[in-house]
Amino acid sequence: MLTGFHVAVIGGDARQIEIIRRLHEWDAQVYLAGFDQLNGSFTECIDLDFEGPHVEMLDAIILPISGTDENGCIDGIFTNRSLCLEVDWLNKTPAHCQIYSGIANDTLQKIAEDAKRKLIPLMNRDDVAIYNSIPTVEGTIMMAIQHTDFTIHGSNVSILGLGRVGMSLARAFDQLGAKVTVGVRSTAGAARVHEMGLEYMDMKDLDKYQMDFDYLINTVPAPVVDASIIKKLPSHALILDLASKPGGTDFRYAEKRGIKAILLPGLPGLVAPKTAGRIVASVICKELQEIDRKVEK
């Protein structure tokens, strides 16, 4: 239980709804910012007053999966307010106050470091990322079906990256009857793909391959799907980029070539926000319990 804990949830999407519900189940006091368009759905919550005295009681601050932008501002689909995280404000929180975010860019890392507050990027955790790969795979399959006029079965699919999401994608598309080729960066990755009974490409030399793929799915948060790759794709190909913004695809060149390319960051929040929110909430609640053991309040 989280009785006596004070937690602020700032911004986000439908995944945050499940996080708020779980925090209440665990008896935490929840403060909200960025949810004013929910029309009083959480009457038991308190609106977060950034200048109010309860800031000094916060044990944790929960940000969206996307964290902040390069200016430290927080996105929220349930508000038109501008919400930003600032060092001076964080300094008003207790020293043990933890910041939870899905991912953490350089800006967010520096804000937390300057305020001397612990930052926990949840998507860096193997358990969260692996659980999260389940709705990611389902959403990717849904998008692949919706945006093409041919079946996945019998198609040529390239998946760039053999991380926790990439591996789940490779297995799923293989089981659907596609011919799957995985882009890897290491001999260990090549060996794993071979063990899975799939083909592999060396991502350091992607421009040397034919690229006759019906689907190109990128999971790498780096500019890997550039013009040299896109120009080799057939005109009917679909690019699905699952990397965090701005993705790893040259979308301008894809549009110029007439190839459909879709950026899909935060896919679990779009297709299965309840499940994705429960995954994150479960981890946060367990982490918060550790504060009680480590910090004298």
# chains A, B, ... in the order shown; residues from 1 in each chain; ligands from 1
$ closest_atom_pairs --of "region 117-196 of chain A" --to "region 275-295 of chain A" --cutoff "10 Å" --atoms "only C-alpha atoms" --output "CSV"
residue,atom,partner,partner_atom,distance
A:Ile120,CA,A:Ile284,CA,9.5
A:Leu122,CA,A:Val280,CA,7.6
A:Met123,CA,A:Val280,CA,9.1
A:Arg125,CA,A:Val283,CA,9.7
A:Asp127,CA,A:Val283,CA,8.8
A:Val128,CA,A:Ile279,CA,6.7
A:Ala129,CA,A:Ile279,CA,9.5
A:Tyr131,CA,A:Ile279,CA,7.0
A:Asn132,CA,A:Ala276,CA,6.4
A:Ser133,CA,A:Ala276,CA,9.6
A:Ile134,CA,A:Ala276,CA,9.1
A:Pro135,CA,A:Ala276,CA,7.2
A:Thr136,CA,A:Ala276,CA,9.3
$ select_by_dssp --residues "region 6-225 of chain A" --states "strand (DSSP E)" --output "JSON, numbers by chain"
{"A": [6, 7, 8, 9, 10, 29, 30, 31, 32, 33, 46, 47, 60, 61, 62, 73, 74, 83, 84, 98, 99, 100, 101, 118, 119, 120, 121, 156, 157, 158, 159, 160, 179, 180, 181, 182, 183, 184, 199, 200, 201, 202, 215, 216, 217, 218]}
$ atom_distance --atom1 "CA of Leu233 (chain A)" --atom2 "CA of Leu263 (chain A)"
17.4 Å
$ closest_residue --among "A:Met203, A:Val30, A:Ile99, A:Ala243" --to "Thr3 (chain A)" --atoms "only C-alpha atoms"
A:Val30
$ residues_around --residues "Thr107 (chain A)" --least-positions-apart "4" --cutoff "8 Å" --atoms "only C-alpha atoms" --output "list in words"
Thr68, Asp69, Glu70, Asn71, Gly72 and Ile111 of chain A
$ write_last_selection --atoms "N, CA, C and O atoms" --output "PDB file, in the first residue's frame"
ATOM      1  N   THR A  68       9.700  14.934 -21.491  1.00  0.00           N
ATOM      2  CA  THR A  68       9.562  16.343 -21.846  1.00  0.00           C
ATOM      3  C   THR A  68      10.145  16.579 -23.233  1.00  0.00           C
ATOM      4  O   THR A  68      10.880  15.742 -23.765  1.00  0.00           O
ATOM      5  N   ASP A  69       9.856  17.751 -23.785  1.00  0.00           N
ATOM      6  CA  ASP A  69      10.510  18.115 -25.040  1.00  0.00           C
ATOM      7  C   ASP A  69      11.845  18.777 -24.722  1.00  0.00           C
ATOM      8  O   ASP A  69      12.284  18.820 -23.559  1.00  0.00           O
ATOM      9  N   GLU A  70      12.505  19.324 -25.737  1.00  0.00           N
ATOM     10  CA  GLU A  70      13.843  19.893 -25.541  1.00  0.00           C
ATOM     11  C   GLU A  70      13.824  21.157 -24.693  1.00  0.00           C
ATOM     12  O   GLU A  70      14.867  21.617 -24.218  1.00  0.00           O
ATOM     13  N   ASN A  71      12.623  21.714 -24.450  1.00  0.00           N
ATOM     14  CA  ASN A  71      12.498  22.895 -23.602  1.00  0.00           C
ATOM     15  C   ASN A  71      12.013  22.556 -22.196  1.00  0.00           C
ATOM     16  O   ASN A  71      11.759  23.455 -21.396  1.00  0.00           O
ATOM     17  N   GLY A  72      11.868  21.282 -21.926  1.00  0.00           N
ATOM     18  CA  GLY A  72      11.394  20.870 -20.613  1.00  0.00           C
ATOM     19  C   GLY A  72       9.888  20.905 -20.473  1.00  0.00           C
ATOM     20  O   GLY A  72       9.359  20.743 -19.367  1.00  0.00           O
ATOM     21  N   ILE A 111      17.721  18.576 -16.101  1.00  0.00           N
ATOM     22  CA  ILE A 111      16.835  19.178 -15.100  1.00  0.00           C
ATOM     23  C   ILE A 111      16.894  18.374 -13.802  1.00  0.00           C
ATOM     24  O   ILE A 111      17.027  18.933 -12.710  1.00  0.00           O
TER      25      ILE A 111
END
